[in-house]
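Structure below is work_32.cif: mmCIF, C-alpha atoms.
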data_protein
#
loop_
_atom_site.group_PDB
_atom_site.id
_atom_site.type_symbol
_atom_site.label_atom_id
_atom_site.label_comp_id
_atom_site.auth_asym_id
_atom_site.auth_seq_id
_atom_site.Cartn_x
_atom_site.Cartn_y
_atom_site.Cartn_z
ATOM 1 C CA MET A 1 -55.999 74.008 -41.345
ATOM 2 C CA ALA A 2 -55.222 74.347 -37.663
ATOM 3 C CA ARG A 3 -51.550 74.760 -36.886
ATOM 4 C CA LYS A 4 -49.968 72.989 -33.970
ATOM 5 C CA SER A 5 -48.074 74.797 -31.275
ATOM 6 C CA ARG A 6 -44.819 73.534 -29.830
ATOM 7 C CA ASP A 7 -46.601 71.440 -27.220
ATOM 8 C CA ASN A 8 -48.674 69.842 -30.033
ATOM 9 C CA ASN A 9 -52.036 71.148 -28.776
ATOM 10 C CA LEU A 10 -54.366 72.187 -31.557
ATOM 11 C CA LEU A 11 -54.860 75.924 -31.748
ATOM 12 C CA LEU A 12 -58.575 75.480 -32.440
ATOM 13 C CA GLU A 13 -60.800 72.611 -31.463
ATOM 14 C CA GLU A 14 -62.589 70.954 -34.389
ATOM 15 C CA ASP A 15 -66.007 72.594 -33.800
ATOM 16 C CA GLU A 16 -64.316 75.928 -33.062
ATOM 17 C CA LEU A 17 -62.479 75.633 -36.372
ATOM 18 C CA THR A 18 -65.801 75.140 -38.152
ATOM 19 C CA ALA A 19 -67.199 78.180 -36.368
ATOM 20 C CA ALA A 20 -64.181 80.233 -37.395
ATOM 21 C CA PHE A 21 -64.904 79.577 -41.086
ATOM 22 C CA LEU A 22 -68.691 79.834 -40.916
ATOM 23 C CA GLY A 23 -70.652 82.808 -39.650
ATOM 24 C CA ASP A 24 -72.857 82.423 -36.571
ATOM 25 C CA ASP A 25 -75.924 82.318 -38.858
ATOM 26 C CA ASP A 26 -74.429 79.460 -40.881
ATOM 27 C CA ILE A 27 -73.851 77.108 -37.942
ATOM 28 C CA ASP A 28 -76.819 74.784 -37.501
ATOM 29 C CA SER A 29 -74.907 71.808 -36.217
ATOM 30 C CA ASP A 30 -71.389 70.857 -35.300
ATOM 31 C CA LEU A 31 -69.329 68.289 -37.204
ATOM 32 C CA SER A 32 -71.017 65.345 -35.462
ATOM 33 C CA GLY A 33 -74.490 66.453 -36.571
ATOM 34 C CA THR A 34 -75.648 67.463 -33.083
ATOM 35 C CA PRO A 35 -77.598 70.739 -33.104
ATOM 36 C CA SER A 36 -75.602 73.597 -31.660
ATOM 37 C CA ASN A 37 -76.724 76.219 -29.200
ATOM 38 C CA SER A 38 -77.738 79.214 -31.333
ATOM 39 C CA THR A 39 -78.148 81.471 -28.284
ATOM 40 C CA GLY A 40 -74.645 81.982 -27.075
ATOM 41 C CA GLY A 41 -72.714 78.897 -28.090
ATOM 42 C CA ALA A 42 -69.003 78.816 -27.390
ATOM 43 C CA GLN A 43 -66.995 81.276 -29.450
ATOM 44 C CA PRO A 44 -63.748 80.149 -31.106
ATOM 45 C CA THR A 45 -60.771 80.651 -28.846
ATOM 46 C CA LEU A 46 -57.398 81.274 -30.401
ATOM 47 C CA VAL A 47 -54.374 80.182 -28.450
ATOM 48 C CA GLU A 48 -51.428 82.481 -28.924
ATOM 49 C CA GLU A 49 -48.466 80.587 -30.257
ATOM 50 C CA GLU A 50 -44.966 81.384 -29.124
ATOM 51 C CA TRP A 51 -42.546 81.720 -32.037
ATOM 52 C CA ASP A 52 -38.858 81.251 -31.523
ATOM 53 C CA GLU A 53 -37.048 82.886 -34.424
ATOM 54 C CA GLU A 54 -33.985 80.687 -33.886
ATOM 55 C CA GLU A 55 -36.149 77.635 -34.672
ATOM 56 C CA SER A 56 -37.391 79.002 -37.989
ATOM 57 C CA VAL A 57 -37.678 76.466 -40.770
ATOM 58 C CA PRO A 58 -36.862 77.458 -44.354
ATOM 59 C CA GLY A 59 -39.766 77.622 -46.791
ATOM 60 C CA GLN A 60 -40.178 74.841 -49.284
ATOM 61 C CA LEU A 61 -39.893 75.532 -52.988
ATOM 62 C CA ALA A 62 -42.641 74.238 -55.302
ATOM 63 C CA VAL A 63 -41.293 72.337 -58.312
ATOM 64 C CA ASP A 64 -42.420 70.513 -61.442
ATOM 65 C CA VAL A 65 -40.402 67.459 -62.518
ATOM 66 C CA TYR A 66 -40.949 65.864 -65.927
ATOM 67 C CA GLU A 67 -39.069 64.014 -68.634
ATOM 68 C CA THR A 68 -38.740 64.175 -72.376
ATOM 69 C CA ALA A 69 -37.262 61.473 -74.614
ATOM 70 C CA ASP A 70 -33.685 62.391 -73.675
ATOM 71 C CA LYS A 71 -33.881 64.825 -70.719
ATOM 72 C CA LEU A 72 -35.156 65.118 -67.159
ATOM 73 C CA VAL A 73 -36.389 68.646 -66.398
ATOM 74 C CA VAL A 74 -36.982 70.364 -63.054
ATOM 75 C CA LYS A 75 -38.776 73.716 -63.032
ATOM 76 C CA ALA A 76 -39.178 75.950 -59.992
ATOM 77 C CA ARG A 77 -40.885 79.318 -59.569
ATOM 78 C CA THR A 78 -38.230 81.621 -58.194
ATOM 79 C CA ALA A 79 -39.733 85.021 -59.008
ATOM 80 C CA GLY A 80 -37.984 87.775 -57.096
ATOM 81 C CA VAL A 81 -34.871 85.715 -56.339
ATOM 82 C CA ASN A 82 -31.567 87.055 -57.616
ATOM 83 C CA ARG A 83 -29.323 84.645 -59.503
ATOM 84 C CA SER A 84 -26.596 85.289 -56.890
ATOM 85 C CA ASP A 85 -29.009 84.218 -54.100
ATOM 86 C CA LEU A 86 -29.558 80.738 -55.629
ATOM 87 C CA ASP A 87 -27.479 77.651 -54.858
ATOM 88 C CA VAL A 88 -28.111 74.537 -56.956
ATOM 89 C CA SER A 89 -26.218 71.290 -56.371
ATOM 90 C CA ILE A 90 -26.471 67.578 -57.166
ATOM 91 C CA SER A 91 -25.118 64.616 -55.245
ATOM 92 C CA ASP A 92 -26.018 60.912 -55.462
ATOM 93 C CA ASN A 93 -28.914 61.626 -57.855
ATOM 94 C CA GLN A 94 -30.424 64.173 -55.436
ATOM 95 C CA LEU A 95 -30.937 67.760 -56.535
ATOM 96 C CA THR A 96 -30.874 70.540 -53.926
ATOM 97 C CA ILE A 97 -32.059 74.075 -54.621
ATOM 98 C CA ARG A 98 -31.484 76.706 -51.921
ATOM 99 C CA GLY A 99 -31.997 80.415 -51.973
ATOM 100 C CA THR A 100 -33.129 83.574 -50.264
ATOM 101 C CA LEU A 101 -36.105 85.714 -51.196
ATOM 102 C CA SER A 102 -35.565 89.250 -49.981
ATOM 103 C CA ALA A 103 -38.533 91.477 -49.134
ATOM 104 C CA GLY A 104 -36.440 94.561 -49.722
ATOM 105 C CA ASN A 105 -36.260 97.556 -47.431
ATOM 106 C CA GLU A 106 -39.384 98.066 -45.312
ATOM 107 C CA GLU A 107 -38.343 100.945 -43.093
ATOM 108 C CA GLY A 108 -41.087 102.627 -41.125
ATOM 109 C CA VAL A 109 -43.581 99.745 -41.229
ATOM 110 C CA GLU A 110 -45.614 99.921 -38.023
ATOM 111 C CA ASN A 111 -48.289 97.330 -38.686
ATOM 112 C CA TYR A 112 -49.087 94.701 -41.302
ATOM 113 C CA PHE A 113 -52.747 94.312 -42.215
ATOM 114 C CA LEU A 114 -52.078 91.268 -44.387
ATOM 115 C CA GLN A 115 -48.852 89.339 -44.902
ATOM 116 C CA GLU A 116 -49.129 86.298 -47.158
ATOM 117 C CA CYS A 117 -45.849 86.395 -49.065
ATOM 118 C CA TYR A 118 -42.983 84.252 -47.856
ATOM 119 C CA TRP A 119 -39.712 86.099 -47.423
ATOM 120 C CA GLY A 120 -36.486 84.481 -46.352
ATOM 121 C CA GLU A 121 -34.613 81.271 -46.963
ATOM 122 C CA PHE A 122 -36.061 78.354 -48.898
ATOM 123 C CA SER A 123 -34.748 74.910 -49.677
ATOM 124 C CA ARG A 124 -35.838 71.832 -51.595
ATOM 125 C CA THR A 125 -34.096 68.496 -52.095
ATOM 126 C CA ILE A 126 -35.509 66.142 -54.708
ATOM 127 C CA ALA A 127 -34.570 62.526 -55.327
ATOM 128 C CA LEU A 128 -34.423 62.436 -59.105
ATOM 129 C CA PRO A 129 -36.743 59.725 -60.481
ATOM 130 C CA VAL A 130 -34.333 58.513 -63.176
ATOM 131 C CA PRO A 131 -30.535 58.284 -63.336
ATOM 132 C CA VAL A 132 -28.996 61.394 -64.913
ATOM 133 C CA LYS A 133 -25.640 62.313 -66.392
ATOM 134 C CA GLU A 134 -24.199 64.682 -63.809
ATOM 135 C CA ASP A 135 -21.873 66.185 -66.417
ATOM 136 C CA GLU A 136 -24.793 67.120 -68.724
ATOM 137 C CA ILE A 137 -26.705 69.706 -66.683
ATOM 138 C CA GLU A 138 -28.008 73.073 -67.794
ATOM 139 C CA ALA A 139 -29.584 75.588 -65.387
ATOM 140 C CA VAL A 140 -31.356 78.692 -66.709
ATOM 141 C CA LEU A 141 -33.095 81.444 -64.732
ATOM 142 C CA LYS A 142 -35.511 83.343 -66.963
ATOM 143 C CA ASP A 143 -38.636 85.365 -66.133
ATOM 144 C CA GLY A 144 -38.691 84.112 -62.539
ATOM 145 C CA VAL A 145 -38.534 80.421 -63.480
ATOM 146 C CA LEU A 146 -35.484 78.272 -62.755
ATOM 147 C CA THR A 147 -35.248 75.441 -65.301
ATOM 148 C CA ILE A 148 -32.702 72.682 -64.744
ATOM 149 C CA SER A 149 -32.264 70.094 -67.521
ATOM 150 C CA PHE A 150 -30.352 66.842 -67.103
ATOM 151 C CA GLY A 151 -29.226 64.376 -69.744
ATOM 152 C CA LYS A 152 -30.777 61.000 -68.897
ATOM 153 C CA MET A 153 -28.696 57.845 -68.689
ATOM 154 C CA LYS A 154 -29.805 55.184 -71.120
ATOM 155 C CA GLN A 155 -31.776 52.457 -69.455
ATOM 156 C CA ASP A 156 -30.511 49.227 -70.925
ATOM 157 C CA THR A 157 -32.800 46.316 -71.394
ATOM 158 C CA ILE A 158 -33.407 44.100 -68.398
ATOM 159 C CA LYS A 159 -30.198 42.490 -67.271
ATOM 160 C CA LYS A 160 -30.435 38.931 -66.005
ATOM 161 C CA ILE A 161 -28.663 38.261 -62.730
ATOM 162 C CA GLN A 162 -27.265 34.814 -62.214
ATOM 163 C CA ILE A 163 -28.108 33.307 -58.832
ATOM 164 C CA LEU A 164 -25.194 31.499 -57.204
#
Mind converting the file's structure to structure tokens?
Amino acid sequence: MARKSRDNNLLLEEDELTAAFLGDDDIDSDLSGTPSNSTGGAQPTLVEEEWDEEESVPGQLAVDVYETADKLVVKARTAGVNRSDLDVSISDNQLTIRGTLSAGNEEGVENYFLQECYWGEFSRTIALPVPVKEDEIEAVLKDGVLTISFGKMKQDTIKKIQIL
């Protein structure tokens, strides 16, 4: 997926993106079906993106949300996060999970060859799909999985509303 820079220009044009994923031998045509120039076609051009660390956006936490007969459960993978670095809160039937994933001490690193892990702050706010009892919440962090269980409010039968 091509990322957008601050001025919203695509980093790679569509046919350049295809070329970036396919080897020169694999490219017989561009995305429109027009044959490409196999003797010196345009090479993908990467545009360097300027990153402003003050504008960094926290990572988003992946969650599973499901219900049982009497509970609503939210599970989140939080491997490597210390219990003291997690903040879980609920307000107006919205659950917020915030935390920090520390990479540890990396003194002496001169160059990364591959860096795929996210390190730093993360946050996720979820509108809970059913009403819950805010006084019946249990949060457990075990084996890198945060499990939050809520008691569900009973959904009464359909209530008729009189029209005035």
Taking into account only C-alpha atoms, which residue in the set A:Phe150, A:Lys75, A:Gly80, A:Lys142 is nearest to Gly104 (chain A)?
A:Gly80
Pairwise distance for CA of Ile137 (chain A) and CA of Ile97 (chain A), rounded to one decimal in Å:
13.9 Å
Selected residue of minimal separation from Asp87 (chain A) among A:Val63, A:Met153, A:Ala139, A:Val132, counting only C-alpha atoms
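Closest to Asp87 (chain A), using only C-alpha atoms: A:Ala139.
In this comparison, which uses all atoms listed in the file, the residue of A:Ile161, A:Thr100, A:Val81, A:Glu136 approaching Ser149 (chain A) most closely is A:Glu136.
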Which residue is closest to Leu72 (chain A)? Choose from A:Ile126, A:Ile148, A:Ile90, A:Leu114 and count only C-alpha atoms.
A:Ile148
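What separates CA of Lys152 (chain A) from CA of Arg83 (chain A) is a distance of 25.5 Å.
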Expansion of the PyMOL selection byres ((chain A and resi 125) around 6) into residues, as a PyMOL selection string:
chain A and resi 95-96+124+126
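The coordinates place CA of Ser102 (chain A) at 23.0 Å from CA of Asp64 (chain A).
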Proximity to Ala79 (chain A) - best of A:Gly144, A:Pro131, A:Gly120, A:Gly108, all atoms listed in the file:
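That would be A:Gly144, the residue with the smallest distance to Ala79 (chain A).
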Using only C-alpha atoms, the shortest atom-to-atom distance to Asp92 (chain A) among A:Trp119, A:Leu146, A:Pro129, A:Val109 belongs to A:Pro129
Please determine an axis-aligned box that encloses all atoms of region 133-146 of chain A listed in the file, with 5 Å added on each side, and express its centre and edge lengths in Å to one decimal as AutoDock Vina command-line options.
--center_x -30.3 --center_y 73.8 --center_z -65.6 --size_x 26.8 --size_y 33.1 --size_z 16.2
